[in-house]
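Take a look at the structure below.
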There are 2 protein chains.
Amino acid sequence: MADEERIKAAIAGADRHLNGWHGGPTVREQLAAIAEATGADERSDTYGQGERIGRLEERIAEMLGTEAAVFMPSGTMAQQIALRIWSERKRCTTVAFHPTCHLEIHEQKGYQRLHGLHARLVGNRHELITLTDLEGIHEPLACLLLELPQREIGGRLPEWDDLVAQTAWARENGIAVHLDGARLWQCGPFYERNHDEIAGLFDSVYVSFYKDLGGLAGAALAGDDELVAEARVWLRRHGGNLVTMHPFVVSAEQGLDERLDEIPGFVEHARALAAALRDVDGLEVVPDPPQAPMFHIHLRGDRERLCEAALGIAEERKVFIFGELSATSSPSIHYHELSVGESTLAFTPDETAALYRDILAGAAE
Amino acid sequence: MADEERIKAAIAGADRHLNGWHGGPTVREQLAAIAEATGADERSDTYGQGERIGRLEERIAEMLGTEAAVFMPSGTMAQQIALRIWSERKRCTTVAFHPTCHLEIHEQKGYQRLHGLHARLVGNRHELITLTDLEGIHEPLACLLLELPQREIGGRLPEWDDLVAQTAWARENGIAVHLDGARLWQCGPFYERNHDEIAGLFDSVYVSFYKDLGGLAGAALAGDDELVAEARVWLRRHGGNLVTMHPFVVSAEQGLDERLDEIPGFVEHARALAAALRDVDGLEVVPDPPQAPMFHIHLRGDRERLCEAALGIAEERKVFIFGELSATSSPSIHYHELSVGESTLAFTPDETAALYRDILAGAAE
């Protein structure tokens with residue numbers, strides 16, 4: 001693997017970035033915009049109370065069709081808190097989620113070490129959870145967490161009927177269903193449904209303001225009034241009831257105002273790119289076609305040589321494609337995630353396919 | 001009690017504020033200053049990594065004389081994490097602190113509900129912890145938490161020799177000592193010692209960037225390399241490893257640069273105000289003399305009438321003194337905290353004494 005500093009320099013030095021994560025406004029520009037959106041006499045929220053944060057929480061509740069919502073600094077807090085509440089309500093410490101769930105792989109097992117919860121992992125780590133997987137569970141559960149789209153496997157989404165059947169299964173078995181909707185904003189085009197229809201299948205919903213929406217940081221947990229009131233108590237326990245979250249709140253509002261409507265265009269562009277990439281030898285699009293504005297690109301070859309070729313292009317042509325690749329089960333196939341955003345739109349399908357052909361050819365030399 | 005809206009309006013409408021908490025820059029001004037301090041090409045910290053956040057952490061470690069420090073969104077996180085680490089190292093779930101400790105009264109018992117810790121409360125809630133109190137503990141402890149100054153009792157500080165004796169007692173008994181130094185910045189003048197000398201008595205130290213220093217939010221936990229590395233793992237579990245904390249980090253730096261040196265002047269002013277207030281009938285300064293740039297003002301009379309008189313003055317003269325009073329053990333005595341800051345310097349001792357005489361006279365009418 002190329003070293004971290006070289007990758008950082010390549011990202012910083014590039015004029016164009018295929019991945020939507022890069023190439024947005026600088027933090028200075030973002031801060032200036034936040035200051036500008038702040039009234040001259042405006043007072044910041046204090047320990048979660050304030051006009052603007054209240055307005056944002058109401059807006060989220062309305063978008064998701066829930067009674068209430070609470071703003072939190074991170075999704076890690078929001079989801080652990082939701083599961084803890086369900087656990088206490090259902091008098092059961094076992095919760096179920098996919099093996100690639102954020103709680104399982106990115107949170108140092110906080111659900112266990114802070115909340116005493118036990119995870120029943122469901123389904124194959126390379127595939128979506130199925131109803132058959134759920135029917136194979138033979139122990140009490142407090143809550144089933146479903147992630148839409150399932151990020152770690154390329155942003156896959158179950159068919160609507162499958163989603164309805166899985167959430168119904170949970171309800172019939174007295175199990176709460178929580179939506180990891182970090183990227184719920186991405187799901188509209190695939191389901192051809194509004195956010196509230198999708199969220200309506202769940203008992204509690206987490207959404208993120210920095211993924212897709214470009215906020216500085218922040219998340220919300222939505223549900224019924226009682227759940228949200230209890231979540232505020234847990235938020236204080238977690239140390240997430242900050243003296244102020246004003247910059248996060250303003251940037252969340254700006255994300256909703258300015259970036260939400262762009263997402264269907266990103267999904268369309270993801271599909272157009274995928275259609276061209278499909279024909280590149282040594283490359284596979286996963287899933288094909290993409291269901292969200294993200295997918296995985298699997299490349300066949302030597303990992304170091306592929307990264308070297310991509311970084312070479314970044315350095316020479318100022319076009320950053322990727323700097324690292326992750327392992328798959330096959331030692332000769334490696335992948336990276338492509339998150340389609342503003343900066344991705346500057347790449348036509350043909351140019352993108354040509355770039356990957358160059359990388360694969362460069363690595364094969 | 002006057003209603004919350006009226007108090008807010010009185011604070012917003014006043015030209016001068018006795019309490020240093022009020023009357024600072026607006027959040028818009030603060031954000032503009034943060035944007036200005038941010039380089040045009042600067043990249044924000046990402047999940048706790050970045051040049052600026054690293055520099056701040058090193059600066060704190062150096063100021064406190066510890067090997068390392070980690071920036072966190074809140075002190076609630078920092079302290080629960082410190083105690084959890086000590087608990088696991090000492091293989092003991094009991095921790096000791098004052099009955100008015102932040103963990104006991106302001107965190108919805110997060111230490112217990114998230115970390116499974118048990119509290120052995122030490123000392124009388126109206127007084128500082130003494131060595132005799134500590135010697136009366138007959139059970140194993142993982143950690144003793146001392147708060148300097150003890151905020152809820154008027155910002156009191158133990159004599160240096162007492163502090164040395166208490167921390168030595170803990171060490172001799174194999175108990176870690178943690179400093180709740182939310183307001184450590186206030187302690188220099190009383191002890192006539194640098195921050196690192198005070199922090200040097202402890203195994204782990206928490207400091208805050210928004211109290212005294214005026215940062216937007218944020219805290220640091222300092223200690224040896226191993227403790228700080230472990231604290232970063234717990235930070236992720238807590239959901240405090242935010243995608244970025246850039247605005248908090250910059251405002252913390254600005255607080256250290258611009259406000260730290262003002263604190264000795266605030267302590268001096270607190271003592272000057274107290275010396276004049278001491279002679280006001282029906283008023284008691286606690287502690288007298290003040291040891292930090294904060295103290296309590298105890299007023300004798302009817303609580304509602306006292307608040308009414310103070311709010312009347314705020315509304316008529318645009319000078320905000322207090323809007324609410326807290327109960328004491330005596331039904332005829334009520335108090336508020338006075339935190340001496342920038343805006344307090346505009347009040348001379350004589351004017352301040354006259355204002356309280358007016359309030360007491362108004363309430364007695």
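Residue numbers start at 1 in each chain; chains themselves are named A, B, ... in the order of the structure tokens; ligands are numbered from 1 in the order shown.
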Using only C-alpha atoms, which residues sit within 7 Å of range 36-48 of chain B once same-chain residues fewer than 4 positions away are excluded, as a PDB file with all heavy atoms, in the first residue's frame?
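out32.pdb, written as the output of this step:
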ATOM      1  N   THR A  26     -13.982  23.934   1.367  1.00  0.00           N
ATOM      2  CA  THR A  26     -13.013  23.804   2.454  1.00  0.00           C
ATOM      3  C   THR A  26     -13.733  24.063   3.774  1.00  0.00           C
ATOM      4  O   THR A  26     -14.828  24.623   3.800  1.00  0.00           O
ATOM      5  CB  THR A  26     -11.881  24.843   2.316  1.00  0.00           C
ATOM      6  OG1 THR A  26     -12.473  26.143   2.467  1.00  0.00           O
ATOM      7  CG2 THR A  26     -11.189  24.743   0.970  1.00  0.00           C
ATOM      8  N   VAL A  27     -13.099  23.662   4.863  1.00  0.00           N
ATOM      9  CA  VAL A  27     -13.717  23.868   6.170  1.00  0.00           C
ATOM     10  C   VAL A  27     -13.848  25.362   6.452  1.00  0.00           C
ATOM     11  O   VAL A  27     -14.811  25.811   7.071  1.00  0.00           O
ATOM     12  CB  VAL A  27     -12.963  23.105   7.284  1.00  0.00           C
ATOM     13  CG1 VAL A  27     -11.544  23.600   7.454  1.00  0.00           C
ATOM     14  CG2 VAL A  27     -13.713  23.183   8.602  1.00  0.00           C
ATOM     15  N   ARG A  28     -12.907  26.139   5.945  1.00  0.00           N
ATOM     16  CA  ARG A  28     -13.008  27.585   6.127  1.00  0.00           C
ATOM     17  C   ARG A  28     -14.235  28.158   5.418  1.00  0.00           C
ATOM     18  O   ARG A  28     -14.968  28.973   5.971  1.00  0.00           O
ATOM     19  CB  ARG A  28     -11.728  28.262   5.595  1.00  0.00           C
ATOM     20  CG  ARG A  28     -11.726  29.738   5.847  1.00  0.00           C
ATOM     21  CD  ARG A  28     -10.498  30.404   5.263  1.00  0.00           C
ATOM     22  NE  ARG A  28     -10.672  31.836   5.355  1.00  0.00           N
ATOM     23  CZ  ARG A  28      -9.735  32.683   5.760  1.00  0.00           C
ATOM     24  NH1 ARG A  28      -8.558  32.244   6.083  1.00  0.00           N
ATOM     25  NH2 ARG A  28      -9.981  33.959   5.823  1.00  0.00           N
TER      26      ARG A  28
ATOM     27  N   ALA B  32     -17.171  33.604  13.061  1.00  0.00           N
ATOM     28  CA  ALA B  32     -16.381  34.366  12.092  1.00  0.00           C
ATOM     29  C   ALA B  32     -14.906  34.334  12.493  1.00  0.00           C
ATOM     30  O   ALA B  32     -14.026  34.174  11.640  1.00  0.00           O
ATOM     31  CB  ALA B  32     -16.903  35.796  12.005  1.00  0.00           C
ATOM     32  N   ILE B  53      -5.580  19.505  15.784  1.00  0.00           N
ATOM     33  CA  ILE B  53      -6.035  18.837  17.008  1.00  0.00           C
ATOM     34  C   ILE B  53      -4.837  18.183  17.709  1.00  0.00           C
ATOM     35  O   ILE B  53      -4.737  18.199  18.947  1.00  0.00           O
ATOM     36  CB  ILE B  53      -7.190  17.837  16.716  1.00  0.00           C
ATOM     37  CG1 ILE B  53      -7.897  17.430  18.013  1.00  0.00           C
ATOM     38  CG2 ILE B  53      -6.719  16.613  15.969  1.00  0.00           C
ATOM     39  CD1 ILE B  53      -9.182  16.633  17.786  1.00  0.00           C
ATOM     40  N   ASN B 241     -15.949  10.237  19.159  1.00  0.00           N
ATOM     41  CA  ASN B 241     -14.901  10.353  18.144  1.00  0.00           C
ATOM     42  C   ASN B 241     -15.558  10.904  16.867  1.00  0.00           C
ATOM     43  O   ASN B 241     -15.782  10.205  15.905  1.00  0.00           O
ATOM     44  CB  ASN B 241     -14.314   8.949  17.920  1.00  0.00           C
ATOM     45  CG  ASN B 241     -13.127   8.950  16.977  1.00  0.00           C
ATOM     46  OD1 ASN B 241     -13.080   8.149  16.058  1.00  0.00           O
ATOM     47  ND2 ASN B 241     -12.192   9.844  17.178  1.00  0.00           N
ATOM     48  N   LEU B 242     -15.878  12.197  16.918  1.00  0.00           N
ATOM     49  CA  LEU B 242     -16.682  12.802  15.853  1.00  0.00           C
ATOM     50  C   LEU B 242     -15.900  12.933  14.545  1.00  0.00           C
ATOM     51  O   LEU B 242     -14.680  13.061  14.555  1.00  0.00           O
ATOM     52  CB  LEU B 242     -17.164  14.190  16.278  1.00  0.00           C
ATOM     53  CG  LEU B 242     -17.925  14.258  17.598  1.00  0.00           C
ATOM     54  CD1 LEU B 242     -18.468  15.668  17.814  1.00  0.00           C
ATOM     55  CD2 LEU B 242     -19.042  13.233  17.668  1.00  0.00           C
ATOM     56  N   VAL B 243     -16.636  12.934  13.450  1.00  0.00           N
ATOM     57  CA  VAL B 243     -16.009  13.039  12.136  1.00  0.00           C
ATOM     58  C   VAL B 243     -15.161  14.304  12.047  1.00  0.00           C
ATOM     59  O   VAL B 243     -14.082  14.297  11.483  1.00  0.00           O
ATOM     60  CB  VAL B 243     -17.060  12.920  11.007  1.00  0.00           C
ATOM     61  CG1 VAL B 243     -18.143  13.978  11.134  1.00  0.00           C
ATOM     62  CG2 VAL B 243     -16.410  12.997   9.638  1.00  0.00           C
ATOM     63  N   THR B 244     -15.639  15.384  12.661  1.00  0.00           N
ATOM     64  CA  THR B 244     -14.750  16.531  12.858  1.00  0.00           C
ATOM     65  C   THR B 244     -15.159  17.309  14.101  1.00  0.00           C
ATOM     66  O   THR B 244     -16.331  17.313  14.476  1.00  0.00           O
ATOM     67  CB  THR B 244     -14.695  17.489  11.651  1.00  0.00           C
ATOM     68  OG1 THR B 244     -13.679  18.482  11.929  1.00  0.00           O
ATOM     69  CG2 THR B 244     -16.001  18.235  11.434  1.00  0.00           C
ATOM     70  N   MET B 245     -14.169  17.945  14.742  1.00  0.00           N
ATOM     71  CA  MET B 245     -14.447  18.818  15.877  1.00  0.00           C
ATOM     72  C   MET B 245     -13.769  20.163  15.629  1.00  0.00           C
ATOM     73  O   MET B 245     -13.518  20.919  16.562  1.00  0.00           O
ATOM     74  CB  MET B 245     -13.945  18.166  17.163  1.00  0.00           C
ATOM     75  CG  MET B 245     -14.685  16.854  17.426  1.00  0.00           C
ATOM     76  SD  MET B 245     -14.481  16.210  19.080  1.00  0.00           S
ATOM     77  CE  MET B 245     -12.855  15.487  18.916  1.00  0.00           C
ATOM     78  N   HIS B 246     -13.493  20.433  14.364  1.00  0.00           N
ATOM     79  CA  HIS B 246     -12.710  21.612  14.005  1.00  0.00           C
ATOM     80  C   HIS B 246     -13.140  22.906  14.717  1.00  0.00           C
ATOM     81  O   HIS B 246     -12.289  23.588  15.314  1.00  0.00           O
ATOM     82  CB  HIS B 246     -12.697  21.794  12.487  1.00  0.00           C
ATOM     83  CG  HIS B 246     -11.912  22.966  12.029  1.00  0.00           C
ATOM     84  ND1 HIS B 246     -10.553  22.927  11.860  1.00  0.00           N
ATOM     85  CD2 HIS B 246     -12.289  24.238  11.765  1.00  0.00           C
ATOM     86  CE1 HIS B 246     -10.131  24.128  11.480  1.00  0.00           C
ATOM     87  NE2 HIS B 246     -11.169  24.934  11.420  1.00  0.00           N
TER      88      HIS B 246
END
Taking 6 positions as the minimum chain separation for residues in the same chain, which residues sit within 12 Å of range 255-261 of chain A when counting only C-alpha atoms? Answer as a tab-separated table (two decimals) with all heavy atoms, in the first residue's frame.
chain	number	residue	atom	x	y	z
A	24	GLY	N	-15.13	18.93	-1.96
A	24	GLY	CA	-16.20	19.85	-1.56
A	24	GLY	C	-15.63	21.17	-1.07
A	24	GLY	O	-14.45	21.46	-1.30
A	30	GLN	N	-16.89	26.49	4.70
A	30	GLN	CA	-18.07	25.98	5.39
A	30	GLN	C	-18.36	26.80	6.65
A	30	GLN	O	-19.51	27.13	6.95
A	30	GLN	CB	-17.81	24.51	5.75
A	30	GLN	CG	-18.97	23.62	5.38
A	30	GLN	CD	-18.73	22.16	5.69
A	30	GLN	OE1	-17.59	21.70	5.69
A	30	GLN	NE2	-19.79	21.43	5.97
A	33	ALA	N	-19.84	30.12	5.79
A	33	ALA	CA	-21.26	29.99	5.43
A	33	ALA	C	-22.12	29.80	6.68
A	33	ALA	O	-23.24	30.31	6.76
A	33	ALA	CB	-21.44	28.81	4.47
A	34	ILE	N	-21.59	29.08	7.66
A	34	ILE	CA	-22.33	28.87	8.91
A	34	ILE	C	-22.45	30.19	9.66
A	34	ILE	O	-23.53	30.52	10.19
A	34	ILE	CB	-21.65	27.79	9.78
A	34	ILE	CG1	-21.72	26.42	9.07
A	34	ILE	CG2	-22.27	27.71	11.16
A	34	ILE	CD1	-20.83	25.36	9.68
A	56	LEU	N	-34.89	22.26	13.79
A	56	LEU	CA	-34.30	21.15	13.02
A	56	LEU	C	-34.91	19.82	13.47
A	56	LEU	O	-35.24	18.96	12.64
A	56	LEU	CB	-32.78	21.14	13.21
A	56	LEU	CG	-32.04	19.97	12.57
A	56	LEU	CD1	-32.21	19.96	11.05
A	56	LEU	CD2	-30.55	20.00	12.93
A	59	ARG	N	-38.28	19.44	12.05
A	59	ARG	CA	-38.20	19.20	10.61
A	59	ARG	C	-37.89	17.74	10.31
A	59	ARG	O	-38.49	17.13	9.41
A	59	ARG	CB	-37.10	20.11	10.05
A	59	ARG	CG	-36.86	19.99	8.57
A	59	ARG	CD	-35.83	21.04	8.15
A	59	ARG	NE	-35.55	20.98	6.73
A	59	ARG	CZ	-34.71	21.81	6.12
A	59	ARG	NH1	-34.09	22.77	6.80
A	59	ARG	NH2	-34.50	21.71	4.82
A	60	ILE	N	-36.97	17.18	11.07
A	60	ILE	CA	-36.61	15.77	10.88
A	60	ILE	C	-37.78	14.87	11.22
A	60	ILE	O	-38.09	13.92	10.49
A	60	ILE	CB	-35.38	15.42	11.76
A	60	ILE	CG1	-34.14	16.15	11.24
A	60	ILE	CG2	-35.12	13.92	11.80
A	60	ILE	CD1	-33.77	15.79	9.81
A	63	MET	N	-40.16	15.02	8.37
A	63	MET	CA	-39.67	14.31	7.19
A	63	MET	C	-39.78	12.80	7.34
A	63	MET	O	-39.98	12.08	6.37
A	63	MET	CB	-38.19	14.64	6.93
A	63	MET	CG	-37.97	16.03	6.38
A	63	MET	SD	-36.18	16.36	6.23
A	63	MET	CE	-35.78	15.29	4.83
A	183	ARG	N	-27.64	6.65	5.78
A	183	ARG	CA	-27.76	7.03	4.37
A	183	ARG	C	-29.19	6.84	3.87
A	183	ARG	O	-29.41	6.57	2.69
A	183	ARG	CB	-26.80	6.18	3.54
A	183	ARG	CG	-25.33	6.44	3.86
A	183	ARG	CD	-24.39	5.44	3.23
A	183	ARG	NE	-23.01	5.75	3.59
A	183	ARG	CZ	-22.47	5.47	4.79
A	183	ARG	NH1	-23.20	4.87	5.73
A	183	ARG	NH2	-21.21	5.81	5.03
A	184	LEU	N	-30.15	7.03	4.75
A	184	LEU	CA	-31.56	6.93	4.34
A	184	LEU	C	-31.84	7.86	3.17
A	184	LEU	O	-32.65	7.57	2.29
A	184	LEU	CB	-32.48	7.30	5.52
A	184	LEU	CG	-33.97	7.45	5.21
A	184	LEU	CD1	-34.58	6.15	4.68
A	184	LEU	CD2	-34.75	7.93	6.43
A	185	TRP	N	-31.14	9.00	3.16
A	185	TRP	CA	-31.34	10.00	2.09
A	185	TRP	C	-31.09	9.40	0.71
A	185	TRP	O	-31.53	9.95	-0.29
A	185	TRP	CB	-30.41	11.19	2.30
A	185	TRP	CG	-30.27	11.65	3.72
A	185	TRP	CD1	-29.13	11.70	4.47
A	185	TRP	CD2	-31.32	12.14	4.59
A	185	TRP	NE1	-29.39	12.18	5.73
A	185	TRP	CE2	-30.73	12.45	5.84
A	185	TRP	CE3	-32.69	12.32	4.44
A	185	TRP	CZ2	-31.46	12.94	6.92
A	185	TRP	CZ3	-33.43	12.81	5.51
A	185	TRP	CH2	-32.81	13.12	6.73
A	186	GLN	N	-30.37	8.29	0.66
A	186	GLN	CA	-30.01	7.68	-0.64
A	186	GLN	C	-31.09	6.74	-1.17
A	186	GLN	O	-31.00	6.28	-2.30
A	186	GLN	CB	-28.72	6.86	-0.49
A	186	GLN	CG	-27.53	7.63	0.04
A	186	GLN	CD	-26.26	6.80	0.04
A	186	GLN	OE1	-26.31	5.57	-0.04
A	186	GLN	NE2	-25.12	7.47	0.13
A	187	CYS	N	-32.06	6.40	-0.33
A	187	CYS	CA	-32.95	5.27	-0.65
A	187	CYS	C	-34.15	5.63	-1.51
A	187	CYS	O	-34.80	4.74	-2.07
A	187	CYS	CB	-33.45	4.62	0.63
A	187	CYS	SG	-32.13	4.01	1.68
A	188	GLY	N	-34.51	6.92	-1.57
A	188	GLY	CA	-35.71	7.32	-2.28
A	188	GLY	C	-35.81	6.80	-3.70
A	188	GLY	O	-36.80	6.16	-4.07
A	189	PRO	N	-34.78	7.03	-4.54
A	189	PRO	CA	-34.89	6.61	-5.93
A	189	PRO	C	-35.13	5.11	-6.11
A	189	PRO	O	-35.94	4.70	-6.94
A	189	PRO	CB	-33.53	7.03	-6.52
A	189	PRO	CG	-33.10	8.18	-5.67
A	189	PRO	CD	-33.58	7.84	-4.29
A	195	HIS	N	-39.16	9.56	2.24
A	195	HIS	CA	-38.45	9.13	3.44
A	195	HIS	C	-39.40	8.64	4.52
A	195	HIS	O	-39.12	7.68	5.23
A	195	HIS	CB	-37.61	10.29	3.99
A	195	HIS	CG	-36.61	10.80	3.01
A	195	HIS	ND1	-36.60	12.08	2.53
A	195	HIS	CD2	-35.58	10.18	2.39
A	195	HIS	CE1	-35.61	12.24	1.67
A	195	HIS	NE2	-34.97	11.10	1.56
A	207	VAL	N	-30.69	9.03	11.47
A	207	VAL	CA	-30.19	9.61	10.22
A	207	VAL	C	-28.95	10.44	10.51
A	207	VAL	O	-28.77	10.93	11.63
A	207	VAL	CB	-31.24	10.51	9.52
A	207	VAL	CG1	-32.41	9.69	9.00
A	207	VAL	CG2	-31.72	11.63	10.44
A	208	SER	N	-28.09	10.56	9.51
A	208	SER	CA	-26.85	11.31	9.67
A	208	SER	C	-26.90	12.60	8.86
A	208	SER	O	-27.51	12.65	7.80
A	208	SER	CB	-25.67	10.46	9.20
A	208	SER	OG	-24.50	11.25	9.11
A	209	PHE	N	-26.22	13.62	9.36
A	209	PHE	CA	-26.17	14.88	8.63
A	209	PHE	C	-24.84	15.12	7.93
A	209	PHE	O	-24.69	16.08	7.21
A	209	PHE	CB	-26.46	16.05	9.58
A	209	PHE	CG	-27.85	15.99	10.13
A	209	PHE	CD1	-28.07	15.77	11.48
A	209	PHE	CD2	-28.95	16.12	9.29
A	209	PHE	CE1	-29.36	15.68	11.99
A	209	PHE	CE2	-30.24	16.04	9.78
A	209	PHE	CZ	-30.44	15.83	11.14
A	210	TYR	N	-23.86	14.27	8.19
A	210	TYR	CA	-22.60	14.56	7.49
A	210	TYR	C	-22.42	13.66	6.28
A	210	TYR	O	-21.90	14.08	5.27
A	210	TYR	CB	-21.40	14.55	8.43
A	210	TYR	CG	-20.84	13.22	8.81
A	210	TYR	CD1	-19.87	12.61	8.02
A	210	TYR	CD2	-21.27	12.58	9.94
A	210	TYR	CE1	-19.36	11.38	8.38
A	210	TYR	CE2	-20.76	11.36	10.30
A	210	TYR	CZ	-19.81	10.76	9.52
A	210	TYR	OH	-19.31	9.55	9.88
A	211	LYS	N	-22.90	12.45	6.37
A	211	LYS	CA	-22.86	11.61	5.18
A	211	LYS	C	-23.88	12.18	4.19
A	211	LYS	O	-24.97	12.58	4.60
A	211	LYS	CB	-23.25	10.19	5.54
A	211	LYS	CG	-22.27	9.57	6.52
A	211	LYS	CD	-22.77	8.25	7.06
A	211	LYS	CE	-21.97	7.82	8.26
A	211	LYS	NZ	-22.49	8.37	9.52
A	212	ASP	N	-23.57	12.23	2.94
A	212	ASP	CA	-24.46	12.75	1.88
A	212	ASP	C	-24.77	14.23	2.04
A	212	ASP	O	-24.68	14.97	1.08
A	212	ASP	CB	-25.79	11.99	1.82
A	212	ASP	CG	-25.59	10.52	1.56
A	212	ASP	OD1	-24.78	10.20	0.68
A	212	ASP	OD2	-26.22	9.70	2.23
A	213	LEU	N	-25.17	14.67	3.22
A	213	LEU	CA	-25.62	16.05	3.36
A	213	LEU	C	-24.47	17.03	3.58
A	213	LEU	O	-24.67	18.24	3.52
A	213	LEU	CB	-26.65	16.17	4.49
A	213	LEU	CG	-27.91	15.31	4.31
A	213	LEU	CD1	-28.94	15.65	5.39
A	213	LEU	CD2	-28.53	15.51	2.93
A	214	GLY	N	-23.29	16.52	3.90
A	214	GLY	CA	-22.13	17.40	3.98
A	214	GLY	C	-22.08	18.28	5.22
A	214	GLY	O	-21.31	19.23	5.27
A	215	GLY	N	-22.89	18.00	6.22
A	215	GLY	CA	-22.79	18.74	7.48
A	215	GLY	C	-21.45	18.48	8.14
A	215	GLY	O	-20.74	17.53	7.79
A	216	LEU	N	-21.07	19.34	9.09
A	216	LEU	CA	-19.79	19.15	9.78
A	216	LEU	C	-19.79	17.84	10.55
A	216	LEU	O	-18.84	17.07	10.52
A	216	LEU	CB	-19.54	20.29	10.76
A	216	LEU	CG	-19.12	21.64	10.18
A	216	LEU	CD1	-19.05	22.68	11.28
A	216	LEU	CD2	-17.76	21.52	9.48
A	217	ALA	N	-20.85	17.60	11.30
A	217	ALA	CA	-21.02	16.38	12.10
A	217	ALA	C	-22.44	16.41	12.60
A	217	ALA	O	-23.13	17.43	12.49
A	217	ALA	CB	-20.04	16.36	13.27
A	218	GLY	N	-22.91	15.31	13.15
A	218	GLY	CA	-24.23	15.33	13.76
A	218	GLY	C	-25.17	14.30	13.17
A	218	GLY	O	-25.00	13.83	12.04
A	248	PHE	N	-22.78	22.52	14.11
A	248	PHE	CA	-23.29	21.27	13.54
A	248	PHE	C	-24.74	21.44	13.09
A	248	PHE	O	-25.15	20.94	12.03
A	248	PHE	CB	-23.23	20.14	14.58
A	248	PHE	CG	-21.84	19.81	15.06
A	248	PHE	CD1	-21.67	19.04	16.21
A	248	PHE	CD2	-20.71	20.23	14.38
A	248	PHE	CE1	-20.40	18.71	16.66
A	248	PHE	CE2	-19.43	19.91	14.83
A	248	PHE	CZ	-19.28	19.14	15.98
A	249	VAL	N	-25.51	22.13	13.91
A	249	VAL	CA	-26.94	22.29	13.62
A	249	VAL	C	-27.14	23.11	12.35
A	249	VAL	O	-27.91	22.73	11.46
A	249	VAL	CB	-27.66	22.96	14.82
A	249	VAL	CG1	-29.10	23.31	14.46
A	249	VAL	CG2	-27.63	22.02	16.03
A	267	VAL	N	-27.72	9.14	-7.87
A	267	VAL	CA	-28.07	7.73	-8.11
A	267	VAL	C	-28.05	7.46	-9.61
A	267	VAL	O	-27.48	6.47	-10.07
A	267	VAL	CB	-29.46	7.39	-7.51
A	267	VAL	CG1	-29.84	5.95	-7.85
A	267	VAL	CG2	-29.47	7.62	-6.00
A	341	GLY	N	-20.91	11.83	-5.57
A	341	GLY	CA	-21.33	13.13	-5.05
A	341	GLY	C	-21.04	14.20	-6.07
A	341	GLY	O	-20.71	13.91	-7.23
A	342	GLU	N	-21.17	15.43	-5.62
A	342	GLU	CA	-20.94	16.61	-6.47
A	342	GLU	C	-19.73	16.45	-7.39
A	342	GLU	O	-19.83	16.63	-8.60
A	342	GLU	CB	-20.71	17.80	-5.52
A	342	GLU	CG	-20.75	19.15	-6.18
A	342	GLU	CD	-22.15	19.53	-6.65
A	342	GLU	OE1	-23.13	19.19	-5.95
A	342	GLU	OE2	-22.25	20.13	-7.73
Discussion item. I want to know what sits within 9 Å of range 290-297 of chain A, based on only C-alpha atoms, with residues of the same chain fewer than 6 positions away left out; could you give that as a ChimeraX atom specification?
Written reply: /A:149,151-157,186-190,263-271,274,277,283-284,334-341
Worksheet item: Quick one: of A:Ala199, A:Cys101, A:Ala272, A:Leu114, who's nearest to chain B, counting only C-alpha atoms?
Response: A:Leu114
Discussion item. List as number ranges by chain the protein and nucleic acid residues near Leu31 in chain A, meaning an atom at most 7 Å away when only C-alpha atoms are counted, but skip any in the same chain fewer than 4 places from it.
Written reply: A: 27, 35; B: 31, 35
Worksheet item: Please, what distance in Å, to one decimal, runs between CA of Arg237 in chain B and CA of Gly110 in chain A?
Response: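 If I compute the distance from CA of Arg237 in chain B to CA of Gly110 in chain A, I get 4.2 Å.
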Item to complete: Could you please write out, as a VMD selection string, every residue of range 16-224 of chain A that DSSP assigns to helix (DSSP H, G or I)?
Response: chain A and resid 27 to 37 51 to 64 75 to 90 102 to 105 110 to 113 131 to 135 151 to 153 160 to 172 184 to 186 188 to 191 195 to 199
Discussion item. I'd like to know which of B:Asn19, B:Leu131, B:Ala119, B:Lys8 is closest to Asp162 in chain B, using only C-alpha atoms.
Written reply: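 Closest residue, counting only C-alpha atoms: B:Leu131.
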Item to complete: Output as a count of residues only all residues of range 190-286 of chain A that backbone DSSP marks as strand (DSSP E).
Response: 14
Practice prompt. Find, counting only C-alpha atoms, the residue in A:Gly323, A:Leu145, A:Gln80, A:Ala276 that gets nearest to Arg113 in chain A.
Written response: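 Under the stated criterion, the closest residue is A:Gln80.
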Worksheet item: What lies within 10 Å of Gln112 in chain B using only C-alpha atoms, ignoring chain neighbours under 3 positions off, as a list in words?
Response: Leu114 and Arg237 of chain A; Gln80, Thr93, Leu103, Glu104, Glu107, Gln108, Lys109, His115, Gly116, Leu117, His118 and Ala119 of chain B
If you keep C-alpha atoms, can you produce a file of those selected residues as a CSV table (one decimal), in the first residue's frame?
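Wrote again_20.csv, looks like this:
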chain,number,residue,atom,x,y,z
A,114,LEU,CA,-21.1,0.5,27.7
A,237,ARG,CA,-25.2,10.0,30.2
B,80,GLN,CA,-16.5,8.7,32.9
B,93,THR,CA,-15.8,-0.9,40.3
B,103,LEU,CA,-20.8,12.7,37.8
B,104,GLU,CA,-23.2,12.4,40.7
B,107,GLU,CA,-24.9,13.2,34.3
B,108,GLN,CA,-28.0,11.1,35.0
B,109,LYS,CA,-25.8,8.6,36.7
B,115,HIS,CA,-20.0,1.9,33.1
B,116,GLY,CA,-21.3,-0.2,35.9
B,117,LEU,CA,-19.4,1.9,38.4
B,118,HIS,CA,-20.4,2.4,42.0
B,119,ALA,CA,-19.9,5.7,43.9
